[in-house]
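Participant: For reference, the file data-v7.txt (compact mmCIF, C-alpha atoms (C1' of nucleotides)) is included below:
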```
# COMPACT_ATOMS: atom_id res chain seq x y z
CA MET W 1 207.49 11.73 -237.47
CA ALA W 2 206.06 14.68 -239.31
CA VAL W 3 202.48 14.40 -240.49
CA MET W 4 202.30 15.01 -244.22
CA THR W 5 199.96 17.71 -245.33
CA ARG W 6 197.29 16.58 -247.71
CA TRP W 7 197.79 19.36 -250.23
CA LEU W 8 195.15 20.20 -252.77
CA ASP W 9 195.55 18.52 -256.14
CA PRO W 10 195.46 20.76 -259.24
CA ASP W 11 191.72 20.32 -259.75
CA GLU W 12 190.94 21.13 -256.15
CA GLN W 13 193.32 24.06 -256.24
CA ARG W 14 191.63 25.44 -259.31
CA THR W 15 188.18 24.92 -257.81
CA TRP W 16 189.10 26.57 -254.53
CA ARG W 17 190.65 29.62 -256.16
CA ALA W 18 187.76 30.08 -258.54
CA TYR W 19 185.24 29.75 -255.73
CA LEU W 20 187.18 32.13 -253.54
CA ALA W 21 187.53 34.79 -256.19
CA VAL W 22 183.92 34.58 -257.26
CA SER W 23 182.34 34.65 -253.86
CA ARG W 24 184.45 37.69 -253.03
CA VAL W 25 183.52 39.57 -256.18
CA LEU W 26 179.87 38.61 -255.95
CA MET W 27 179.54 39.75 -252.36
CA ASP W 28 181.49 42.92 -252.93
CA THR W 29 179.31 43.76 -255.89
CA LEU W 30 176.03 43.16 -254.10
CA ASP W 31 177.30 44.96 -251.04
CA ARG W 32 178.24 48.02 -253.05
CA GLU W 33 174.94 48.06 -254.92
CA LEU W 34 173.00 47.79 -251.68
CA GLN W 35 175.06 50.48 -250.03
CA ARG W 36 174.51 52.83 -252.95
CA GLU W 37 170.82 52.18 -253.45
CA ALA W 38 169.63 51.57 -249.92
CA GLY W 39 172.33 53.08 -247.74
CA MET W 40 173.05 49.91 -245.84
CA PRO W 41 175.53 47.02 -246.06
CA HIS W 42 174.34 43.58 -246.95
CA ALA W 43 174.64 42.36 -243.37
CA TYR W 44 172.12 44.97 -242.25
CA TYR W 45 169.78 44.10 -245.08
CA GLU W 46 169.88 40.50 -243.91
CA ILE W 47 168.86 41.55 -240.44
CA LEU W 48 165.89 43.51 -241.73
CA VAL W 49 164.84 40.60 -243.96
CA GLN W 50 164.89 38.18 -241.08
CA LEU W 51 162.86 40.51 -238.90
CA SER W 52 160.35 41.14 -241.67
CA GLU W 53 159.68 37.42 -241.97
CA ALA W 54 159.36 36.74 -238.26
CA PRO W 55 155.91 36.62 -236.64
CA GLY W 56 155.02 40.13 -235.53
CA ARG W 57 158.16 41.32 -237.30
CA GLN W 58 160.12 40.82 -234.12
CA LEU W 59 162.72 38.44 -232.76
CA ARG W 60 164.83 37.89 -229.69
CA MET W 61 168.37 39.09 -230.24
CA SER W 62 169.82 35.58 -230.08
CA GLN W 63 167.37 34.18 -232.56
CA LEU W 64 167.97 37.11 -234.85
CA ALA W 65 171.70 36.57 -234.65
CA GLN W 66 171.21 32.93 -235.51
CA ALA W 67 168.87 33.70 -238.39
CA ALA W 68 171.08 36.39 -239.85
CA GLY W 69 174.26 34.37 -239.40
CA SER W 70 175.78 36.98 -237.16
CA SER W 71 177.67 36.90 -233.89
CA ARG W 72 175.96 38.32 -230.83
CA SER W 73 178.39 41.14 -230.60
CA ARG W 74 178.06 42.07 -234.22
CA LEU W 75 174.30 42.04 -233.94
CA SER W 76 174.38 44.24 -230.86
CA HIS W 77 176.41 46.85 -232.69
CA ALA W 78 174.35 46.51 -235.84
CA VAL W 79 171.00 46.85 -234.07
CA ALA W 80 172.31 49.91 -232.29
CA ARG W 81 172.90 51.47 -235.71
CA LEU W 82 169.59 50.27 -237.11
CA GLU W 83 167.85 51.73 -234.09
CA ALA W 84 169.57 55.05 -234.62
CA ALA W 85 168.32 54.97 -238.21
CA GLY W 86 164.79 54.37 -236.92
CA TRP W 87 164.43 51.02 -238.66
CA VAL W 88 164.41 48.83 -235.56
CA ARG W 89 163.23 49.36 -231.99
CA ARG W 90 164.49 47.47 -228.94
CA GLU W 91 162.05 46.28 -226.34
CA ASP W 92 162.32 44.33 -223.11
CA CYS W 93 161.28 40.72 -223.25
CA PRO W 94 158.28 40.05 -220.97
CA THR W 95 159.16 36.42 -220.23
CA ASP W 96 162.92 36.74 -219.71
CA ARG W 97 164.29 39.76 -217.98
CA ARG W 98 167.69 39.29 -219.63
CA GLY W 99 166.13 39.30 -223.06
CA GLN W 100 165.76 42.01 -225.64
CA ILE W 101 163.36 41.96 -228.53
CA ALA W 102 164.24 43.61 -231.81
CA GLN W 103 161.14 44.99 -233.48
CA LEU W 104 161.11 46.11 -237.10
CA THR W 105 159.49 49.53 -237.35
CA ASP W 106 157.10 50.53 -240.13
CA GLU W 107 159.81 52.79 -241.39
CA GLY W 108 162.24 49.89 -241.43
CA PHE W 109 159.76 47.75 -243.30
CA ALA W 110 159.17 50.48 -245.85
CA THR W 111 162.91 50.91 -246.35
CA LEU W 112 163.25 47.18 -246.87
CA GLU W 113 160.40 47.12 -249.36
CA ALA W 114 162.05 49.91 -251.27
CA ALA W 115 165.44 48.19 -251.30
CA ALA W 116 164.30 44.67 -252.12
CA PRO W 117 163.51 44.92 -255.85
CA GLY W 118 166.88 46.41 -256.71
CA HIS W 119 168.72 43.87 -254.61
CA VAL W 120 166.83 40.90 -256.01
CA GLU W 121 167.48 42.22 -259.48
CA GLY W 122 171.17 42.29 -258.63
CA VAL W 123 171.16 38.72 -257.36
CA ARG W 124 169.38 37.61 -260.50
CA ARG W 125 171.68 39.50 -262.84
CA HIS W 126 174.94 38.53 -261.19
CA LEU W 127 174.09 34.97 -260.21
CA PHE W 128 171.07 33.27 -261.73
CA ASP W 129 171.25 34.79 -265.17
CA ALA W 130 174.66 33.18 -265.64
CA LEU W 131 173.69 29.66 -264.57
CA SER W 132 171.66 26.96 -266.26
CA PRO W 133 168.75 25.46 -264.29
CA ALA W 134 170.87 22.36 -263.78
CA GLN W 135 173.67 24.43 -262.34
CA VAL W 136 171.29 26.20 -259.99
CA ASP W 137 170.20 22.82 -258.78
CA GLN W 138 173.80 21.69 -258.35
CA LEU W 139 174.66 24.83 -256.44
CA ARG W 140 171.74 24.25 -254.10
CA ARG W 141 172.74 20.67 -253.41
CA ILE W 142 176.37 21.63 -252.87
CA SER W 143 175.40 24.43 -250.50
CA GLU W 144 173.03 22.26 -248.53
CA THR W 145 175.59 19.48 -248.31
CA LEU W 146 178.16 21.92 -247.01
CA ALA W 147 175.76 23.50 -244.57
CA ASP W 148 175.02 20.11 -243.16
CA HIS W 149 178.70 19.25 -242.95
CA LEU W 150 179.70 22.54 -241.36
CA THR W 151 177.08 22.45 -238.64
CA ARG W 152 177.85 18.84 -237.78
CA SER W 153 181.59 19.31 -237.39
CA MET J 154 153.81 51.85 -265.69
CA ALA J 155 155.69 50.15 -262.91
CA VAL J 156 158.30 47.60 -263.89
CA MET J 157 157.53 44.29 -262.22
CA THR J 158 160.35 42.85 -260.18
CA ARG J 159 161.43 39.42 -261.31
CA TRP J 160 161.36 37.86 -257.84
CA LEU J 161 163.18 34.65 -257.11
CA ASP J 162 161.11 31.51 -257.42
CA PRO J 163 161.12 29.10 -254.44
CA ASP J 164 164.00 27.03 -255.85
CA GLU J 165 166.12 30.09 -256.52
CA GLN J 166 165.24 31.49 -253.13
CA ARG J 167 166.33 28.31 -251.44
CA THR J 168 169.52 28.15 -253.46
CA TRP J 169 170.43 31.74 -252.76
CA ARG J 170 169.86 31.46 -249.04
CA ALA J 171 171.78 28.24 -248.75
CA TYR J 172 174.67 29.65 -250.74
CA LEU J 173 174.68 32.84 -248.71
CA ALA J 174 174.64 31.08 -245.37
CA VAL J 175 177.30 28.59 -246.33
CA SER J 176 179.75 31.00 -247.88
CA ARG J 177 179.45 33.16 -244.77
CA VAL J 178 180.04 30.30 -242.36
CA LEU J 179 182.84 28.82 -244.43
CA MET J 180 184.71 32.10 -244.67
CA ASP J 181 184.16 32.97 -241.04
CA THR J 182 185.46 29.56 -240.01
CA LEU J 183 188.58 29.70 -242.15
CA ASP J 184 189.18 33.28 -241.13
CA ARG J 185 189.00 32.42 -237.45
CA GLU J 186 191.25 29.40 -237.84
CA LEU J 187 193.83 31.43 -239.72
CA GLN J 188 193.66 34.23 -237.20
CA ARG J 189 194.18 31.83 -234.35
CA GLU J 190 196.92 29.73 -235.91
CA ALA J 191 198.80 32.29 -237.95
CA GLY J 192 197.79 35.61 -236.46
CA MET J 193 196.46 37.05 -239.69
CA PRO J 194 193.10 37.37 -241.42
CA HIS J 195 192.42 35.47 -244.60
CA ALA J 196 192.79 38.57 -246.75
CA TYR J 197 196.37 39.01 -245.56
CA TYR J 198 197.13 35.36 -246.15
CA GLU J 199 195.94 35.81 -249.71
CA ILE J 200 198.34 38.68 -250.21
CA LEU J 201 201.27 36.64 -248.96
CA VAL J 202 200.29 33.71 -251.18
CA GLN J 203 200.16 35.88 -254.27
CA LEU J 204 203.53 37.39 -253.49
CA SER J 205 205.07 33.99 -252.83
CA GLU J 206 204.03 32.79 -256.28
CA ALA J 207 205.17 35.87 -258.16
CA PRO J 208 208.60 35.87 -259.88
CA GLY J 209 211.14 37.11 -257.36
CA ARG J 210 208.36 37.03 -254.74
CA GLN J 211 207.49 40.61 -255.63
CA LEU J 212 204.71 42.46 -257.37
CA ARG J 213 203.66 45.98 -258.19
CA MET J 214 200.94 47.17 -255.83
CA SER J 215 198.32 47.30 -258.58
CA GLN J 216 199.05 43.82 -259.80
CA LEU J 217 199.02 42.53 -256.27
CA ALA J 218 195.67 44.17 -255.65
CA GLN J 219 194.33 42.55 -258.79
CA ALA J 220 195.76 39.14 -257.91
CA ALA J 221 194.50 39.21 -254.34
CA GLY J 222 191.08 40.57 -255.29
CA SER J 223 191.55 43.67 -253.21
CA SER J 224 190.91 47.35 -253.74
CA ARG J 225 193.94 49.62 -253.97
CA SER J 226 193.08 51.34 -250.74
CA ARG J 227 192.61 48.12 -248.89
CA LEU J 228 195.90 46.83 -250.17
CA SER J 229 197.72 49.99 -249.14
CA HIS J 230 196.46 49.65 -245.59
CA ALA J 231 197.10 45.92 -245.53
CA VAL J 232 200.65 46.19 -246.82
CA ALA J 233 201.36 48.86 -244.25
CA ARG J 234 200.40 46.32 -241.58
CA LEU J 235 202.30 43.49 -243.23
CA GLU J 236 205.34 45.73 -243.44
CA ALA J 237 205.06 46.55 -239.75
CA ALA J 238 204.98 42.81 -239.07
CA GLY J 239 208.16 42.40 -241.10
CA TRP J 240 206.56 40.11 -243.67
CA VAL J 241 206.64 42.49 -246.63
CA ARG J 242 208.98 45.28 -247.68
CA ARG J 243 208.08 48.19 -249.93
CA GLU J 244 210.52 49.32 -252.61
CA ASP J 245 210.48 51.99 -255.27
CA CYS J 246 209.86 50.82 -258.80
CA PRO J 247 212.86 51.51 -261.04
CA THR J 248 210.87 51.96 -264.25
CA ASP J 249 207.96 54.05 -262.95
CA ARG J 250 208.56 56.65 -260.32
CA ARG J 251 204.92 56.46 -259.19
CA GLY J 252 205.19 52.74 -258.60
CA GLN J 253 205.78 50.73 -255.49
CA ILE J 254 206.92 47.15 -255.36
CA ALA J 255 205.83 44.85 -252.57
CA GLN J 256 208.53 42.32 -251.76
CA LEU J 257 207.88 39.27 -249.61
CA THR J 258 210.60 38.98 -246.97
CA ASP J 259 212.18 35.69 -245.91
CA GLU J 260 210.39 36.08 -242.63
CA GLY J 261 207.10 36.54 -244.47
CA PHE J 262 207.78 33.46 -246.56
CA ALA J 263 208.60 31.43 -243.48
CA THR J 264 205.42 32.59 -241.77
CA LEU J 265 203.43 31.62 -244.83
CA GLU J 266 205.06 28.19 -244.97
CA ALA J 267 204.18 27.65 -241.35
CA ALA J 268 200.58 28.73 -241.83
CA ALA J 269 199.85 26.90 -245.07
CA PRO J 270 199.47 23.29 -243.89
CA GLY J 271 196.90 24.17 -241.24
CA HIS J 272 194.96 26.35 -243.61
CA VAL J 273 194.92 23.79 -246.42
CA GLU J 274 193.83 21.19 -243.91
CA GLY J 275 190.95 23.49 -242.97
CA VAL J 276 189.91 23.99 -246.58
CA ARG J 277 189.99 20.25 -247.11
CA ARG J 278 188.07 19.46 -243.96
CA HIS J 279 185.39 22.09 -244.35
CA LEU J 280 184.97 21.99 -248.10
CA PHE J 281 186.39 19.08 -250.09
CA ASP J 282 185.77 16.35 -247.55
CA ALA J 283 182.06 17.05 -247.79
CA LEU J 284 181.77 16.98 -251.57
CA SER J 285 181.87 14.15 -254.09
CA PRO J 286 184.36 14.44 -256.97
CA ALA J 287 181.43 15.23 -259.25
CA GLN J 288 180.34 18.04 -256.98
CA VAL J 289 183.84 19.48 -256.90
CA ASP J 290 183.76 19.51 -260.65
CA GLN J 291 180.35 21.17 -260.67
CA LEU J 292 181.50 23.79 -258.22
CA ARG J 293 184.50 24.57 -260.39
CA ARG J 294 182.38 24.97 -263.51
CA ILE J 295 179.84 27.11 -261.69
CA SER J 296 182.54 29.33 -260.25
CA GLU J 297 184.31 29.74 -263.56
CA THR J 298 181.04 30.49 -265.32
CA LEU J 299 180.23 33.14 -262.75
CA ALA J 300 183.72 34.62 -262.87
CA ASP J 301 183.38 34.98 -266.59
CA HIS J 302 179.94 36.52 -266.27
CA LEU J 303 180.93 38.94 -263.53
CA THR J 304 184.00 40.28 -265.29
CA ARG J 305 182.13 40.70 -268.57
CA SER J 306 179.25 42.70 -267.12
C1' DG I 307 166.41 29.33 -201.26
C1' DC I 308 171.71 28.97 -201.87
C1' DG I 309 175.65 28.56 -204.73
C1' DG I 310 177.53 27.46 -209.09
C1' DT I 311 177.02 27.19 -213.97
C1' DT I 312 174.84 28.66 -218.31
C1' DT I 313 172.67 31.86 -221.15
C1' DA I 314 171.44 36.76 -222.93
C1' DG I 315 173.18 40.65 -224.21
C1' DT I 316 176.27 44.81 -224.13
C1' DT I 317 180.53 47.30 -224.21
C1' DG I 318 185.12 49.25 -225.54
C1' DA I 319 189.31 48.69 -227.77
C1' DA I 320 191.81 46.94 -231.57
C1' DC I 321 191.57 45.94 -236.07
C1' DA I 322 189.80 45.89 -241.01
C1' DT I 323 187.38 47.99 -244.95
C1' DT I 324 185.33 51.64 -247.67
C1' DC I 325 184.96 56.01 -249.70
C1' DA I 326 186.40 60.23 -251.34
C1' DA I 327 189.98 63.37 -251.62
C1' DC I 328 194.45 63.92 -252.66
C1' DC I 329 199.44 64.17 -254.79
C1' DA I 330 202.71 62.73 -258.10
C1' DT I 331 203.95 60.95 -262.39
C1' DC I 332 203.17 59.20 -266.93
C1' DG I 333 201.91 59.67 -271.76
C1' DG I 334 199.93 61.55 -275.53
C1' DT I 335 198.57 66.06 -277.92
C1' DT I 336 199.30 70.29 -279.77
C1' DA Z 337 207.90 72.23 -273.87
C1' DA Z 338 203.40 73.14 -271.80
C1' DC Z 339 199.19 71.00 -271.15
C1' DC Z 340 195.90 67.53 -269.59
C1' DG Z 341 193.59 63.37 -268.90
C1' DA Z 342 194.64 58.85 -267.08
C1' DT Z 343 197.21 55.91 -263.91
C1' DG Z 344 199.56 54.50 -259.34
C1' DG Z 345 199.30 54.85 -254.90
C1' DT Z 346 198.44 56.86 -250.18
C1' DT Z 347 195.77 59.03 -246.57
C1' DG Z 348 192.20 60.08 -242.97
C1' DA Z 349 187.66 59.73 -241.54
C1' DA Z 350 183.66 57.04 -241.10
C1' DT Z 351 181.94 52.68 -240.76
C1' DG Z 352 181.86 47.61 -239.64
C1' DT Z 353 183.71 43.49 -237.33
C1' DT Z 354 186.14 40.86 -233.79
C1' DC Z 355 187.63 39.60 -229.35
C1' DA Z 356 187.60 39.43 -224.56
C1' DA Z 357 185.70 41.17 -220.52
C1' DC Z 358 181.72 42.20 -218.21
C1' DT Z 359 176.70 42.48 -215.94
C1' DA Z 360 172.55 40.43 -215.03
C1' DA Z 361 169.28 37.01 -214.91
C1' DA Z 362 167.87 32.13 -215.51
C1' DC Z 363 168.53 27.39 -214.55
C1' DC Z 364 169.91 23.36 -211.81
C1' DG Z 365 171.03 20.43 -207.97
C1' DC Z 366 170.76 20.08 -203.42
```
Taking this structure as input, can you express it in the form of structure tokens?

Facilitator:
Amino acid sequence: MAVMTRWLDPDEQRTWRAYLAVSRVLMDTLDRELQREAGMPHAYYEILVQLSEAPGRQLRMSQLAQAAGSSRSRLSHAVARLEAAGWVRREDCPTDRRGQIAQLTDEGFATLEAAAPGHVEGVRRHLFDALSPAQVDQLRRISETLADHLTRS
Amino acid sequence: MAVMTRWLDPDEQRTWRAYLAVSRVLMDTLDRELQREAGMPHAYYEILVQLSEAPGRQLRMSQLAQAAGSSRSRLSHAVARLEAAGWVRREDCPTDRRGQIAQLTDEGFATLEAAAPGHVEGVRRHLFDALSPAQVDQLRRISETLADHLTRS
DNA sequence: GCGGTTTAGTTGAACATTCAACCATCGGTT
DNA sequence: AACCGATGGTTGAATGTTCAACTAAACCGC
């Protein structure tokens, strides 16, 4: 017999739609701000952030992909662009001849430093300014719960 | 003098990163599932859903863009694809000669009906199954608060 | 050290999104 | 009625992302 779909009840429906709409608007807004002020999409900013925090400001491509939440392919294309912009340099890995190391250049670091204040200000304005401390805490717990759930399954 | 950036404190930092990572993974997952099972990206699914709920299963392009959280340009391109797939039909608006009306076809409706159960199941599995009823409620309030804040500013 | 299986990373084509430029029409003003 | 700013929508080019196919090197068991 047919398996019945467990549809969303009205509360879940409302929650899902609100979440969907908001995450879209929030990301679009931050993306547009970053593009305008720093000339790069948010995904590229993420890559630079991850590199800047890594020891020696460098990471293996795979680890960088993992850290930035990107697919390998996407990262390959992205790093090609970032390299063309002079913000990242590719180097061969000494311990694994298959490997490539992405190295943040000084120029890349400077660009990131210049972009960060405006971006953080945007995150604060669009997200944290609207939420109570309790809600921030709730959002953190929810996100961490989901992260755990998504990686397990 | 220089304006000091209001950086994120450790709690905010942690919240932001967790939220960012999760919303990315969640969307990527649902997008991939929908692409695999229904042959369309999530953005296109959204368009079909909005049309299916509109009176007469039709909407003016602008209203559809608004409802689906899409830019006009994006919608134009998307509807062109959906039309090529036979899921949507474009018609002239009788009351405004500039206007276009997007009409969901029977085929489009059938496709949507076929795709919906799997997608809803995915939303339930990846999102609601992981959260307590209280957390669902919190997420709804947070999302609605943010929606309000984002549209005001 | 050989053969098979992973893992690392890139590539090109197809597809999706953005941005700015554009055309047509509407609606109010004079 | 002629004008003119605002609105509705499309287009093409540039940019980003995905998917599948691919090369090369590492790892593993024998």

Participant: If we count all atoms listed in the file and set the cut-off at 12 Å, which residues sit around segment 282-296 of chain J, ignoring sequence neighbours fewer than 4 positions away in its own chain? Please answer as a PyMOL selection string.

Facilitator: (chain W and resi 6+8-26+126-128+130-153) or (chain J and resi 172+273-278+300-303)

Participant: What separation in Å, quoted to one decimal, exists between atom CA of Arg98 of chain W and atom C1' of DT313 of chain I?

Facilitator: 9.1 Å

Participant: Residues of chain W that have any atom at most 12 Å from an atom of chain Z: could you tabulate them with the shortest-distance atom pair and the distance in Å to one decimal, using all atoms listed in the file, ordered by chain and increasing number, as CSV?

Facilitator:
```
residue,atom,partner,partner_atom,distance
W:Gln35,CA,Z:DT351,C1',11.8
W:Gly39,CA,Z:DT351,C1',11.9
W:Met40,CA,Z:DT351,C1',10.6
W:Pro41,CA,Z:DG352,C1',9.0
W:His42,CA,Z:DG352,C1',11.2
W:Ala43,CA,Z:DG352,C1',9.7
W:Tyr44,CA,Z:DG352,C1',10.4
W:Ser70,CA,Z:DT353,C1',10.3
W:Ser71,CA,Z:DT354,C1',9.4
W:Arg72,CA,Z:DT354,C1',10.9
W:Ser73,CA,Z:DT354,C1',8.4
W:Arg74,CA,Z:DT353,C1',6.6
W:Leu75,CA,Z:DT353,C1',10.1
W:Ser76,CA,Z:DT353,C1',11.4
W:His77,CA,Z:DG352,C1',8.9
W:Ala78,CA,Z:DG352,C1',8.5
W:Arg81,CA,Z:DT351,C1',10.4
W:Thr95,CA,Z:DA362,C1',10.8
W:Asp96,CA,Z:DA362,C1',8.0
W:Arg97,CA,Z:DA361,C1',6.5
W:Arg98,CA,Z:DA361,C1',5.5
W:Gly99,CA,Z:DA361,C1',9.0
```

Participant: Print the selection's residues with C-alpha atoms to a file, as a compact mmCIF listing (two decimals), keeping the file's coordinate frame.

Facilitator:
```txt
# COMPACT_ATOMS: atom_id res chain seq x y z
CA GLN W 35 175.06 50.48 -250.03
CA GLY W 39 172.33 53.08 -247.74
CA MET W 40 173.05 49.91 -245.84
CA PRO W 41 175.53 47.02 -246.06
CA HIS W 42 174.34 43.58 -246.95
CA ALA W 43 174.64 42.36 -243.37
CA TYR W 44 172.12 44.97 -242.25
CA SER W 70 175.78 36.98 -237.16
CA SER W 71 177.67 36.90 -233.89
CA ARG W 72 175.96 38.32 -230.83
CA SER W 73 178.39 41.14 -230.60
CA ARG W 74 178.06 42.07 -234.22
CA LEU W 75 174.30 42.04 -233.94
CA SER W 76 174.38 44.24 -230.86
CA HIS W 77 176.41 46.85 -232.69
CA ALA W 78 174.35 46.51 -235.84
CA ARG W 81 172.90 51.47 -235.71
CA THR W 95 159.16 36.42 -220.23
CA ASP W 96 162.92 36.74 -219.71
CA ARG W 97 164.29 39.76 -217.98
CA ARG W 98 167.69 39.29 -219.63
CA GLY W 99 166.13 39.30 -223.06
```

Participant: List as a count of residues only: which residues have an atom within 12 Å of (158.4, 50.0, -247.4), counting only C-alpha atoms (C1' of nucleotides)?

Facilitator: 19

Participant: May I have the residues of chain I within 8 Å of chain W, counting all atoms listed in the file, written as a PDB file with C-alpha atoms (C1' of nucleotides), in the frame of the given file?

Facilitator:
```
ATOM      1  C1'  DA I 314     171.440  36.760-222.930  1.00  0.00           C
ATOM      2  C1'  DG I 315     173.180  40.650-224.210  1.00  0.00           C
ATOM      3  C1'  DT I 316     176.270  44.810-224.130  1.00  0.00           C
TER       4       DT I 316
END
```

Participant: Go through J:Gln216, J:Ala221, J:Leu187, J:Gln203 and flag the residue nearest chain W, using all atoms listed in the file for the distances.

Facilitator: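 Using all atoms listed in the file, chain W sits closest to J:Ala221.
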
Participant: Pick from J:Glu206, J:Glu199, J:Gly222, J:Pro247: nearest to chain W, with all atoms listed in the file counted?

Facilitator: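 Closest to chain W, using all atoms listed in the file: J:Gly222.
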
Participant: Pick the closest to Gly86 of chain W from W:Thr5, W:Ile47, W:Gln103, W:Gly56: which is it, counting all atoms listed in the file?

Facilitator: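 The answer is W:Gln103, which sits nearest to Gly86 of chain W.
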
Participant: Can you measure atom CA of Pro55 of chain W to atom CA of His119 of chain W for me? One decimal in Å is fine.

Facilitator: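 Pair atom CA of Pro55 of chain W / atom CA of His119 of chain W returns 23.2 Å.
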
Participant: May I ask which of the residues W:Val79, W:Ile101, W:Gln66, W:Ala54 is the closest one to chain J, counting only C-alpha atoms?

Facilitator: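 Under the stated criterion, the closest residue is W:Gln66.
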
Participant: Can you work out the spacing between atom CA of Leu204 of chain J and atom CA of Glu236 of chain J in Å, to one decimal?

Facilitator: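 These atoms are spaced 13.2 Å apart.
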
Participant: For each of W:Leu59, W:Val3, W:Ala102, W:Ala85, take the minimum atom-to-atom distance to chain J, counting all atoms listed in the file, then give the residue where this is smallest.

Facilitator: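 The shortest atom-to-atom distance to chain J comes from W:Val3.
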
Participant: Please fill the gaps in segment 270-285 of chain J so it has N, CA and C atoms, and write that as a CSV table (one decimal), in the coordinates of the input.

Facilitator:
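result.csv, freshly written:
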```csv
chain,number,residue,atom,x,y,z
J,270,PRO,N,200.0,24.6,-244.1
J,270,PRO,CA,199.5,23.3,-243.9
J,270,PRO,C,198.2,23.3,-243.1
J,271,GLY,N,198.1,24.1,-242.0
J,271,GLY,CA,196.9,24.2,-241.2
J,271,GLY,C,195.7,24.7,-242.0
J,272,HIS,N,196.0,25.7,-242.8
J,272,HIS,CA,195.0,26.4,-243.6
J,272,HIS,C,194.4,25.4,-244.7
J,273,VAL,N,195.3,24.7,-245.4
J,273,VAL,CA,194.9,23.8,-246.4
J,273,VAL,C,194.1,22.7,-245.8
J,274,GLU,N,194.6,22.2,-244.6
J,274,GLU,CA,193.8,21.2,-243.9
J,274,GLU,C,192.4,21.7,-243.6
J,275,GLY,N,192.3,22.9,-243.2
J,275,GLY,CA,191.0,23.5,-243.0
J,275,GLY,C,190.1,23.5,-244.2
J,276,VAL,N,190.7,23.9,-245.3
J,276,VAL,CA,189.9,24.0,-246.6
J,276,VAL,C,189.4,22.6,-246.9
J,277,ARG,N,190.3,21.6,-246.8
J,277,ARG,CA,190.0,20.2,-247.1
J,277,ARG,C,188.9,19.7,-246.2
J,278,ARG,N,189.1,20.0,-244.9
J,278,ARG,CA,188.1,19.5,-244.0
J,278,ARG,C,186.7,20.1,-244.2
J,279,HIS,N,186.7,21.4,-244.3
J,279,HIS,CA,185.4,22.1,-244.4
J,279,HIS,C,184.7,22.1,-245.7
J,280,LEU,N,185.5,21.9,-246.8
J,280,LEU,CA,185.0,22.0,-248.1
J,280,LEU,C,185.1,20.6,-248.8
J,281,PHE,N,186.3,20.2,-249.2
J,281,PHE,CA,186.4,19.1,-250.1
J,281,PHE,C,186.0,17.8,-249.5
J,282,ASP,N,186.2,17.6,-248.2
J,282,ASP,CA,185.8,16.4,-247.6
J,282,ASP,C,184.3,16.1,-247.6
J,283,ALA,N,183.5,17.2,-247.8
J,283,ALA,CA,182.1,17.0,-247.8
J,283,ALA,C,181.5,16.8,-249.2
J,284,LEU,N,182.3,17.1,-250.2
J,284,LEU,CA,181.8,17.0,-251.6
J,284,LEU,C,182.3,15.8,-252.3
J,285,SER,N,181.4,15.2,-253.2
J,285,SER,CA,181.9,14.2,-254.1
J,285,SER,C,182.7,14.8,-255.2
```
